[in-house]
Amino acid sequence: MTNRKSATTLRRLSFVCSLGSVALVLLACSSKEAPGTVDPPGGTGASPATGGSAASSAGGPGSSAGSISLGGVGTEPGTGGPCQGLACAVPSCVGMPKTTITGKVYDPAGKVPLYNVLVYVPNSPVEPFTEGATCDRCDAKVLNPVTSAVTDETGGFVLTDAPAGANIPLVIQVGKWRRQLVVPNVAGCADTALTDPQVTRLPRNKAEGDIPRMAIAVGGADQLECLPLRMGVDPAEFTPASGDGRIHLYVGGYRRNARDHVPVTAFDAAHGGGAITAATELWSTKESLMKYDIALLSCEGGENEQEKPMTARQAMYDYAAAGGRVFASHWHAIWFGNGPDPVPSTGTWLRRPINPAGTRQNPNGDGTPQPGTINQSFPKGEALAKWLLNVGASTAQGSMELTYPRDDIQAVNAEVAREWITVNNPNYADAPKAVQYMSFNAPIGAPEDQICGRAVFTDLHVASIDDNSEANALGFPASCEMRELSAQEKAVAFMLFDLSACVQNEDVPPKPPK
């Protein structure tokens, strides 16, 4: 405990905004100085041609931005009203451009821009996160930012009426992913552009910032555990359930004497070679699940119903209702269609073959892609369609090619759930729709101010083949092919970060807290 507190203290973000420096900022408002150079985390002196830059102030789990001297109370520039802290450093810029900070937010690898990420300049200490699942509603957040924005479908943000001066703090956050930065210099009445993706990306490890505590139940028919690696998360953050990594691996059900669909059951020698704990220990009780912000359930190649008794299915729903986030694929439809009331009411759950009868589609990764349709009737659905186009995962807004889709849910109950992506099943001409992505907030049917958690079901895989037994025998992470994200994986990544975000009314676009 002492070591954790000491490390937290060393990571604290500090900035000073004295009233004297505020006066200097206001006098310099007409300056046309170029944005300051950005020092990437751990480095120094990026070229001015890279635009503005920021030094990282890491804050891992339980981190705090204490030791902040905000300069007391003053008069807000441009309004004459009272101001406090960095709000007093916002230039009025009458007849001139506003003071802005702009940039794009990326995944931990610094490659894929992200939608609906909160970016803000704090005006009070950044509070540490509570470990484990919590009720995280967007309308319940009180951050007291000087200025804030959420990223658009290009990953871009614009912070308007930003404070000017030296060492301006900046927070990038989606759910419990959070990185704290310091912009060395923000010019008054001008734009400071942060153009280095390695500066404005999410943290790769807890030394760089906050990462949600995740549990991944690995399966033999998909490799969901490989997706965070490809998104740039440090392999050191993947550990057994007893480890201190932010991502704990559990092994899902499989036939112990089988030769196919065998999941990864241990870490490789380079990462300790330790055995991976059985997933039954993860989902047996609500209490064991509540240690995690997010539970990801990778397809096992079968229901393995004996390892998911109704008591476990009830625990999974109770976890979501209490603020947990569940991401489940394919055969994990058992938690939904055969879950406790009211979970089956979220849709029409029926397993149907989508490939021609008597055949196995795509056992070797060579199946013919099928056109998927993105539901653009609600704000986030439209954002997904635009985002997929922007990141090269789609060639036409509203559609994308899907490899090896399945058919476990044919319709969603629009009163309590959302349909995101669908394909047509050629075997059922009268009712062809097969839902590939759906989500619901929990508790199901509760008033909006009582919604806490969320669940996503997908009938898509991230692995390029149906059976990953040969690769899984190498142990994790050697079992994972390290490559760029496929188009289908980018869609999964969108849903994963959206799942991480605070819960909101999805009939309206995301808005930054004020």
# chains A, B, ... in the order shown; residues from 1 in each chain; ligands from 1
>>> residues_around(residues="Ile294 of chain A", least_positions_apart="5", cutoff="10 Å", atoms="only C-alpha atoms", output="PyMOL selection string")
chain A and resi 132-133+212-216+247+289+319-320+323-327+453-455+496+499-500
>>> write_last_selection(atoms="C-alpha atoms", output="PDB file, in the first residue's frame")
ATOM      1  CA  GLY A 132     -14.108  -2.150 -10.152  1.00  0.00           C
ATOM      2  CA  ALA A 133     -17.508  -1.716 -11.742  1.00  0.00           C
ATOM      3  CA  PRO A 212      -9.956  -0.043 -17.001  1.00  0.00           C
ATOM      4  CA  ARG A 213      -9.598  -3.341 -15.181  1.00  0.00           C
ATOM      5  CA  MET A 214     -10.733  -5.940 -17.713  1.00  0.00           C
ATOM      6  CA  ALA A 215     -11.357  -9.676 -17.591  1.00  0.00           C
ATOM      7  CA  ILE A 216     -11.129 -11.623 -20.844  1.00  0.00           C
ATOM      8  CA  ILE A 247      -6.207  -7.180 -18.080  1.00  0.00           C
ATOM      9  CA  LEU A 289     -17.273 -10.002 -11.636  1.00  0.00           C
ATOM     10  CA  TYR A 319     -23.102  -7.315 -12.728  1.00  0.00           C
ATOM     11  CA  ALA A 320     -24.269  -5.360 -15.787  1.00  0.00           C
ATOM     12  CA  GLY A 323     -22.526  -0.832 -13.674  1.00  0.00           C
ATOM     13  CA  GLY A 324     -20.461  -3.615 -15.240  1.00  0.00           C
ATOM     14  CA  ARG A 325     -19.826  -3.773 -18.975  1.00  0.00           C
ATOM     15  CA  VAL A 326     -20.208  -7.067 -20.857  1.00  0.00           C
ATOM     16  CA  PHE A 327     -18.886  -7.774 -24.358  1.00  0.00           C
ATOM     17  CA  GLY A 453     -24.283  -0.680 -16.975  1.00  0.00           C
ATOM     18  CA  ARG A 454     -24.237  -1.943 -20.512  1.00  0.00           C
ATOM     19  CA  ALA A 455     -23.877  -5.104 -22.589  1.00  0.00           C
ATOM     20  CA  LEU A 496     -15.360  -1.814 -27.231  1.00  0.00           C
ATOM     21  CA  LEU A 499     -18.862   0.123 -24.212  1.00  0.00           C
ATOM     22  CA  SER A 500     -16.177   1.710 -22.027  1.00  0.00           C
TER      23      SER A 500
END
>>> residues_around(residues="Met231 of chain A", least_positions_apart="6", cutoff="8 Å", atoms="only C-alpha atoms", output="number ranges by chain")
A: 107-109, 485
>>> write_last_selection(atoms="C-alpha atoms", output="PDB file, in the first residue's frame")
ATOM      1  CA  ASP A 107      -6.045   4.159 -29.724  1.00  0.00           C
ATOM      2  CA  PRO A 108      -3.076   3.132 -27.529  1.00  0.00           C
ATOM      3  CA  ALA A 109      -1.046   2.279 -30.640  1.00  0.00           C
ATOM      4  CA  LEU A 485      -6.417  -4.080 -37.410  1.00  0.00           C
TER       5      LEU A 485
END
>>> closest_residue(among="A:Val251, A:Ile168, A:Leu227, A:Ala478", to="Ala493 of chain A", atoms="only C-alpha atoms")
A:Leu227
>>> residues_around(residues="Gln306 of chain A", least_positions_apart="5", cutoff="12 Å", atoms="only C-alpha atoms", output="short mmCIF file (atom, residue, chain, number, x, y, z; two decimals) with N, CA and C atoms, in the first residue's frame")
data_model
loop_
_atom_site.label_atom_id
_atom_site.label_comp_id
_atom_site.auth_asym_id
_atom_site.auth_seq_id
_atom_site.Cartn_x
_atom_site.Cartn_y
_atom_site.Cartn_z
N GLY A 252 -12.04 -19.98 -21.07
CA GLY A 252 -13.43 -20.39 -21.19
C GLY A 252 -13.56 -21.89 -21.38
N GLY A 253 -14.81 -22.35 -21.52
CA GLY A 253 -15.08 -23.77 -21.62
C GLY A 253 -14.66 -24.37 -22.96
N TYR A 254 -14.31 -25.63 -22.93
CA TYR A 254 -13.98 -26.38 -24.15
C TYR A 254 -13.95 -27.86 -23.79
N ARG A 255 -14.00 -28.71 -24.80
CA ARG A 255 -13.93 -30.15 -24.57
C ARG A 255 -12.48 -30.52 -24.30
N THR A 280 -14.91 -20.12 -15.03
CA THR A 280 -15.98 -20.37 -14.06
C THR A 280 -15.72 -19.60 -12.76
N THR A 311 -27.31 -19.75 -12.24
CA THR A 311 -26.80 -18.86 -11.19
C THR A 311 -25.71 -17.94 -11.74
N ALA A 312 -24.87 -18.46 -12.64
CA ALA A 312 -23.83 -17.64 -13.26
C ALA A 312 -24.45 -16.63 -14.22
N ARG A 313 -25.47 -17.05 -14.95
CA ARG A 313 -26.13 -16.12 -15.88
C ARG A 313 -26.82 -14.99 -15.13
N ILE A 334 -25.73 -17.51 -25.15
CA ILE A 334 -26.42 -18.21 -24.07
C ILE A 334 -26.71 -17.29 -22.89
#
>>> closest_atom_pairs(of="segment 285-359 of chain A", to="segment 401-419 of chain A", cutoff="9 Å", atoms="only C-alpha atoms", output="JSON lines")
{"residue": "A:His330", "atom": "CA", "partner": "A:Arg406", "partner_atom": "CA", "distance": 7.2}
{"residue": "A:Trp331", "atom": "CA", "partner": "A:Asp408", "partner_atom": "CA", "distance": 8.4}
{"residue": "A:Ala333", "atom": "CA", "partner": "A:Asp408", "partner_atom": "CA", "distance": 7.0}
{"residue": "A:Gly337", "atom": "CA", "partner": "A:Ile409", "partner_atom": "CA", "distance": 8.3}
{"residue": "A:Ser345", "atom": "CA", "partner": "A:Asn413", "partner_atom": "CA", "distance": 6.9}
{"residue": "A:Thr346", "atom": "CA", "partner": "A:Asn413", "partner_atom": "CA", "distance": 5.1}
{"residue": "A:Gly347", "atom": "CA", "partner": "A:Val412", "partner_atom": "CA", "distance": 3.9}
{"residue": "A:Thr348", "atom": "CA", "partner": "A:Ala411", "partner_atom": "CA", "distance": 5.2}
{"residue": "A:Trp349", "atom": "CA", "partner": "A:Ile409", "partner_atom": "CA", "distance": 4.4}
{"residue": "A:Leu350", "atom": "CA", "partner": "A:Asp408", "partner_atom": "CA", "distance": 5.2}
{"residue": "A:Arg351", "atom": "CA", "partner": "A:Asp408", "partner_atom": "CA", "distance": 4.3}
{"residue": "A:Arg352", "atom": "CA", "partner": "A:Asp407", "partner_atom": "CA", "distance": 5.4}
{"residue": "A:Pro353", "atom": "CA", "partner": "A:Asp407", "partner_atom": "CA", "distance": 6.5}
{"residue": "A:Ile354", "atom": "CA", "partner": "A:Arg406", "partner_atom": "CA", "distance": 5.9}
{"residue": "A:Asn355", "atom": "CA", "partner": "A:Arg406", "partner_atom": "CA", "distance": 8.3}
>>> select_by_dssp(residues="segment 85-207 of chain A", states="strand (DSSP E or B)", output="VMD selection string")
chain A and resid 100 to 104 106 113 118 to 122 137 145 to 150 156 to 160 165 to 174 177 to 186 191 to 194 201
>>> closest_residue(among="A:Ser124, A:Thr422, A:Gln376, A:Thr160", to="Ser92 of chain A", atoms="only C-alpha atoms")
A:Thr160
>>> atom_distance(atom1="atom CA of Met96 of chain A", atom2="atom CA of Val121 of chain A")
21.5 Å
>>> residues_around(residues="segment 174-176 of chain A", least_positions_apart="3", cutoff="9 Å", atoms="only C-alpha atoms", output="ChimeraX atom specification")
/A:116-119,129,136,202,210-213,293,497-502
>>> write_last_selection(atoms="N, CA and C atoms", output="tab-separated table (two decimals), in the first residue's frame")
chain	number	residue	atom	x	y	z
A	116	ASN	N	-15.99	9.80	-29.72
A	116	ASN	CA	-16.65	9.99	-28.42
A	116	ASN	C	-15.67	9.84	-27.25
A	117	VAL	N	-14.50	10.42	-27.40
A	117	VAL	CA	-13.54	10.50	-26.30
A	117	VAL	C	-13.62	11.91	-25.72
A	118	LEU	N	-13.72	12.00	-24.42
A	118	LEU	CA	-13.80	13.29	-23.74
A	118	LEU	C	-12.39	13.90	-23.64
A	119	VAL	N	-12.28	15.18	-24.02
A	119	VAL	CA	-11.03	15.92	-23.88
A	119	VAL	C	-11.36	17.20	-23.14
A	129	PHE	N	-10.02	7.15	-9.98
A	129	PHE	CA	-11.15	6.28	-10.25
A	129	PHE	C	-11.35	5.30	-9.09
A	136	ASP	N	-21.74	4.40	-13.87
A	136	ASP	CA	-21.08	5.50	-14.57
A	136	ASP	C	-22.02	6.08	-15.61
A	202	LEU	N	-4.44	7.10	-26.26
A	202	LEU	CA	-4.75	6.56	-24.94
A	202	LEU	C	-3.53	5.83	-24.39
A	210	ASP	N	-4.48	5.80	-16.87
A	210	ASP	CA	-5.47	4.86	-16.35
A	210	ASP	C	-5.99	3.94	-17.46
A	211	ILE	N	-6.14	2.68	-17.13
A	211	ILE	CA	-6.72	1.67	-18.03
A	211	ILE	C	-7.77	0.92	-17.22
A	212	PRO	N	-8.95	0.70	-17.77
A	212	PRO	CA	-9.96	-0.04	-17.00
A	212	PRO	C	-9.47	-1.44	-16.67
A	213	ARG	N	-9.90	-1.96	-15.54
A	213	ARG	CA	-9.60	-3.34	-15.18
A	213	ARG	C	-10.55	-4.24	-16.00
A	293	ASP	N	-14.12	-3.67	-14.50
A	293	ASP	CA	-14.93	-2.68	-15.19
A	293	ASP	C	-15.61	-3.28	-16.41
A	497	PHE	N	-14.69	0.54	-27.25
A	497	PHE	CA	-14.50	1.84	-26.61
A	497	PHE	C	-15.84	2.50	-26.30
A	498	ASP	N	-16.84	2.27	-27.14
A	498	ASP	CA	-18.17	2.79	-26.83
A	498	ASP	C	-18.72	2.13	-25.58
A	499	LEU	N	-18.44	0.83	-25.42
A	499	LEU	CA	-18.86	0.12	-24.21
A	499	LEU	C	-18.18	0.71	-22.98
A	500	SER	N	-16.94	1.15	-23.14
A	500	SER	CA	-16.18	1.71	-22.03
A	500	SER	C	-16.74	3.05	-21.56
A	501	ALA	N	-17.36	3.79	-22.47
A	501	ALA	CA	-17.79	5.16	-22.18
A	501	ALA	C	-18.93	5.18	-21.17
A	502	CYS	N	-19.16	6.35	-20.59
A	502	CYS	CA	-20.26	6.50	-19.66
A	502	CYS	C	-21.59	6.23	-20.36
>>> residues_around(residues="Leu224 of chain A", least_positions_apart="3", cutoff="12 Å", atoms="only C-alpha atoms", output="VMD selection string")
chain A and resid 215 to 221 227 to 231 249 to 252 263 to 264 295 to 300 327 to 330 458 460 to 464 468 476 to 477 479 to 481 489 492 to 493 496
>>> select_by_dssp(residues="segment 207-423 of chain A", states="alpha helix (DSSP H)", output="count of residues only")
41
